[in-house]
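Below is one structure; the comments refer to it alone.
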Amino acid sequence: MIGFTCIACAATQPADYAGFLCPECGGNLDISYDYDAIINKIEQSGIDRARSIFTYAAFLPVARPTERFPLRIGRTPLYEAKRMGATQGLRNLFLKDDTTNPSSSSKDRASAIAVRRAMDIGADVVAVASTGNAASSLACVAAAVGMPAVVFVPDSAPVAKLAQCLSFGATVLAVRGNYDDAFDLCLAACDEFGWFNRSTGYNPFTREGKKVCAYEIWESLDGRAPDRIVVPTGDGNLLSGMWKGWRDLQAVGLIDKLPKVDCAQSESSAAISNAVHRLRAAEKIDWSAVELTPVRAATIADSIAVDRPRDGLAAVKAVIESGGEAVTVPDDDILAAIPEMSRLSGVFPEPAAAAPWAAVKRMVEERKIESDELVVCLVSGSGLKDTGGALRASAKPTTIDASIDAVREALKR
Ligand SMILES: Cc1ncc(COP(=O)(O)O)c(C=O)c1O
Ligand SMILES: [Zn+2]
């Protein structure tokens, strides 16, 4: 790690800069690397394929990156989803199953890097604002290393995510308000009490965890990039991290072709997609002048319900630079995608994590995907985190008496 570069105005800061935002313009920061040094490290010690995200030590901005971590973070499976793909005429559809992370969502890679950073700089409390998953993830990872965590969630957060946070022993502050209210309060509390703020799209270290998902897909595909990756998007940090991962691999010569990165959003929470569509029409983009227009998010996919995306600029840049699509789908399509995806693949997504499949179907309909493209859908969170969402879209159980005749009757029906 050699320093920080502002995503908006490109001003650079040295590696020991302690702030999270650009001191020139207040924009979000991106961590920069000496790629020649990374190449040297890889040549000397290779990429150790054995364990967790710290396998990719050379690419990570933490001290002692090879030190063992108490949980298996990342290294999640990439499944070929043949039956799912076949329903849309797609021959190479894959699911990156991040439901198998320790807290059952994609957030754990980011939490691990953020917690390691907090330890590196001697912080003693970590905090986060979250729709629910980043909170349960930080609570989980903090519990594993024995660090106190304070989490700010909207009081409407799904009960399973709250149950995780509470069980992991975090201090849970359920804010009367939405995610954006929780975000602003967490920021103020971290200023007041000196806690390390892991909040997505503000802390530049979360993107460095999220990018590792790209390295894992690269490895699962035997050192190739897919044609496109479809990412469920709220704040945009998962997506900007994914794009950074592929660009890292290109920078050290491990791939020559970059994938397209598509953003999948609910029509009722589409600030990033709106900006992509607006900017694509522009001839030349002055990134330092780009402002995203906030929305009033109302989607049932709680994890991607965001009024004002906190990593919006980086995500919009990623979609445009990669040549990806910004796809919005109605909530009904997201809900319907949950049982459909589960039934056809054996992977059970929460609503947000089903959005990529709804988006793929839309792109097929609009002839934006070729049948032989290698497409990866990121399954970013488990259906067990929001069973209410799944039940709204599923068939009902058949209640019967405990007799074989009742079984026969039920089967007839
Ligand atoms: C399951 C799930 N999918 C997708 C996202 C979207 O990530 P981001 O807010 O970085 O766009 C989140 C974020 O909370 C999530 O929990
Ligand atoms: Zn700046």
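Order determines the names: the first chain of the structure tokens is A, the second B, and so forth; residues in each chain are numbered 1 upward, and ligands are numbered 1 upward as they are shown.
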
Give one line per residue of chain A that approaches ligand 1 to at most 7 Å, naming the two atoms of the closest pair and their distance in Å to one decimal, counting only C-alpha atoms and all ligand atoms; sort by chain then ascending residue number and deliver it as a Markdown table.
```
| residue | atom | partner | partner_atom_place_in_ligand_line | distance |
| --- | --- | --- | --- | --- |
| A:Ser105 | CA | ligand 1 | 1 (C) | 5.8 |
| A:Ser106 | CA | ligand 1 | 1 (C) | 6.6 |
| A:Lys107 | CA | ligand 1 | 16 (O) | 6.7 |
| A:Ser130 | CA | ligand 1 | 14 (O) | 6.8 |
| A:Thr131 | CA | ligand 1 | 14 (O) | 5.9 |
| A:Gly132 | CA | ligand 1 | 14 (O) | 6.9 |
| A:Asn133 | CA | ligand 1 | 16 (O) | 4.7 |
| A:Ala134 | CA | ligand 1 | 14 (O) | 6.1 |
| A:Thr200 | CA | ligand 1 | 10 (O) | 6.5 |
| A:Pro232 | CA | ligand 1 | 4 (C) | 4.7 |
| A:Thr233 | CA | ligand 1 | 11 (O) | 3.6 |
| A:Gly234 | CA | ligand 1 | 11 (O) | 3.6 |
| A:Asp235 | CA | ligand 1 | 9 (O) | 3.6 |
| A:Gly236 | CA | ligand 1 | 11 (O) | 3.4 |
| A:Asn237 | CA | ligand 1 | 10 (O) | 3.5 |
| A:Leu238 | CA | ligand 1 | 10 (O) | 3.9 |
| A:Leu239 | CA | ligand 1 | 11 (O) | 6.2 |
| A:Ser303 | CA | ligand 1 | 14 (O) | 4.3 |
| A:Ile304 | CA | ligand 1 | 6 (C) | 5.2 |
| A:Glu350 | CA | ligand 1 | 1 (C) | 6.6 |
| A:Ala352 | CA | ligand 1 | 3 (N) | 5.0 |
| A:Ala353 | CA | ligand 1 | 3 (N) | 5.3 |
| A:Ser380 | CA | ligand 1 | 1 (C) | 4.3 |
| A:Gly381 | CA | ligand 1 | 1 (C) | 3.9 |
```

Open item on the list: Give me, as a ChimeraX atom specification, the set of residues whose atoms come within 8 Å of any atom of ligand 2, counting only C-alpha atoms and all ligand atoms.
Closed with: /A:5-11,21-29,288

Would you save the residues of that selection, restricted to C-alpha atoms, as a PDB file, in the first residue's frame?
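selection18.pdb written:
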```
ATOM      1  CA  THR A   5      -6.233   8.569  -4.139  1.00  0.00           C
ATOM      2  CA  CYS A   6      -9.472  10.570  -4.132  1.00  0.00           C
ATOM      3  CA  ILE A   7     -12.150   9.003  -6.346  1.00  0.00           C
ATOM      4  CA  ALA A   8     -13.621  12.428  -7.128  1.00  0.00           C
ATOM      5  CA  CYS A   9     -10.674  14.843  -7.541  1.00  0.00           C
ATOM      6  CA  ALA A  10      -7.708  12.403  -7.776  1.00  0.00           C
ATOM      7  CA  ALA A  11      -5.729  14.203  -5.026  1.00  0.00           C
ATOM      8  CA  LEU A  21     -12.158  11.138   3.282  1.00  0.00           C
ATOM      9  CA  CYS A  22     -10.273  13.414   0.853  1.00  0.00           C
ATOM     10  CA  PRO A  23      -9.036  16.513   2.730  1.00  0.00           C
ATOM     11  CA  GLU A  24      -9.276  18.533  -0.500  1.00  0.00           C
ATOM     12  CA  CYS A  25     -12.873  17.852  -1.499  1.00  0.00           C
ATOM     13  CA  GLY A  26     -14.432  15.414   1.002  1.00  0.00           C
ATOM     14  CA  GLY A  27     -14.628  12.636  -1.648  1.00  0.00           C
ATOM     15  CA  ASN A  28     -14.160   8.924  -0.934  1.00  0.00           C
ATOM     16  CA  LEU A  29     -10.645   7.505  -0.991  1.00  0.00           C
ATOM     17  CA  SER A 288     -15.004  15.676  -9.864  1.00  0.00           C
TER      18      SER A 288
END
```

Spatial neighbours of Gly209 (chain A), 6 Å, only C-alpha atoms, chain gap at least 6 places, as a compact mmCIF listing (two decimals) with N, CA, C and O atoms, in the first residue's frame:
```txt
# COMPACT_ATOMS: atom_id res chain seq x y z
N ARG A 109 -15.67 -10.37 4.29
CA ARG A 109 -14.32 -10.03 3.83
C ARG A 109 -13.98 -8.60 4.24
O ARG A 109 -12.88 -8.32 4.71
N ALA A 110 -14.96 -7.70 4.06
CA ALA A 110 -14.73 -6.29 4.42
C ALA A 110 -14.54 -6.14 5.92
O ALA A 110 -13.68 -5.39 6.38
N ILE A 113 -10.97 -7.24 6.97
CA ILE A 113 -9.91 -6.26 6.67
C ILE A 113 -10.06 -5.04 7.58
O ILE A 113 -9.07 -4.51 8.12
```

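If you count only C-alpha atoms and ignore residues fewer than 5 places along the chain from Phe4 (chain A), what sits within 7 Å of it is Thr12, Gln13, Pro14, Ala15, Leu29, Asp30, Ile31 and Ser32 of chain A.
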
TODO: Write down as a ChimeraX atom specification the residues belonging to region 101-283 of chain A that are assigned strand (DSSP E) by DSSP computed on the backbone.
DONE: /A:126-129,149-154,171-175,196-197,228-232,260-266

TODO: Tell me, as a ChimeraX atom specification, which residues lie within 10 Å of Ile400 (chain A), counting only C-alpha atoms; anything in the same chain fewer than 6 positions away does not count.
DONE: /A:406-407,409-410

Task: Near-Leu374 (chain A) list (7 Å; only C-alpha atoms; drop same-chain fewer than 3 positions) as a PyMOL selection string - done: chain A and resi 92-93+226-228

Could you save the residues just selected, with all heavy atoms, as a compact mmCIF listing (two decimals), in the first residue's frame?
```
# COMPACT_ATOMS: atom_id res chain seq x y z
N ASN A 92 -23.43 -20.82 -19.65
CA ASN A 92 -22.33 -20.72 -18.68
C ASN A 92 -22.68 -19.79 -17.53
O ASN A 92 -22.06 -18.75 -17.35
CB ASN A 92 -21.07 -20.18 -19.38
CG ASN A 92 -20.58 -21.13 -20.44
OD1 ASN A 92 -20.20 -22.26 -20.16
ND2 ASN A 92 -20.61 -20.66 -21.68
N LEU A 93 -23.66 -20.21 -16.75
CA LEU A 93 -24.08 -19.38 -15.61
C LEU A 93 -23.48 -19.95 -14.32
O LEU A 93 -23.53 -21.17 -14.10
CB LEU A 93 -25.60 -19.36 -15.51
CG LEU A 93 -26.16 -18.54 -14.34
CD1 LEU A 93 -25.95 -17.04 -14.57
CD2 LEU A 93 -27.65 -18.83 -14.12
N PRO A 226 -14.57 -13.95 -15.82
CA PRO A 226 -15.82 -14.21 -16.54
C PRO A 226 -16.09 -13.08 -17.54
O PRO A 226 -15.34 -12.11 -17.59
CB PRO A 226 -16.87 -14.21 -15.43
CG PRO A 226 -16.28 -13.39 -14.34
CD PRO A 226 -14.78 -13.48 -14.46
N ASP A 227 -17.14 -13.22 -18.34
CA ASP A 227 -17.52 -12.12 -19.23
C ASP A 227 -18.23 -11.03 -18.44
O ASP A 227 -18.04 -9.86 -18.70
CB ASP A 227 -18.42 -12.63 -20.36
CG ASP A 227 -17.66 -13.55 -21.29
OD1 ASP A 227 -16.61 -13.11 -21.79
OD2 ASP A 227 -18.06 -14.72 -21.45
N ARG A 228 -19.10 -11.44 -17.50
CA ARG A 228 -19.76 -10.42 -16.68
C ARG A 228 -20.10 -10.96 -15.30
O ARG A 228 -20.29 -12.15 -15.11
CB ARG A 228 -21.00 -9.86 -17.36
CG ARG A 228 -22.08 -10.85 -17.65
CD ARG A 228 -23.33 -10.13 -18.19
NE ARG A 228 -23.18 -9.63 -19.54
CZ ARG A 228 -23.35 -8.36 -19.91
NH1 ARG A 228 -23.69 -7.46 -19.03
NH2 ARG A 228 -23.23 -8.01 -21.17
```

Task: All alpha helix (DSSP H) positions in region 129-375 of chain A, as a ChimeraX atom specification - done: /A:133-145,159-167,179-193,205-210,212-220,237-251,271-280,312-322,331-345,351-365

TODO: Find the spatial neighbours of Leu71 (chain A), counting only C-alpha atoms, within a cut-off of 12 Å - ignore same-chain residues fewer than 2 positions away - and output them as a ChimeraX atom specification.
DONE: /A:51-54,68-69,73-75,101-103,108-109,111-112,137,140-145
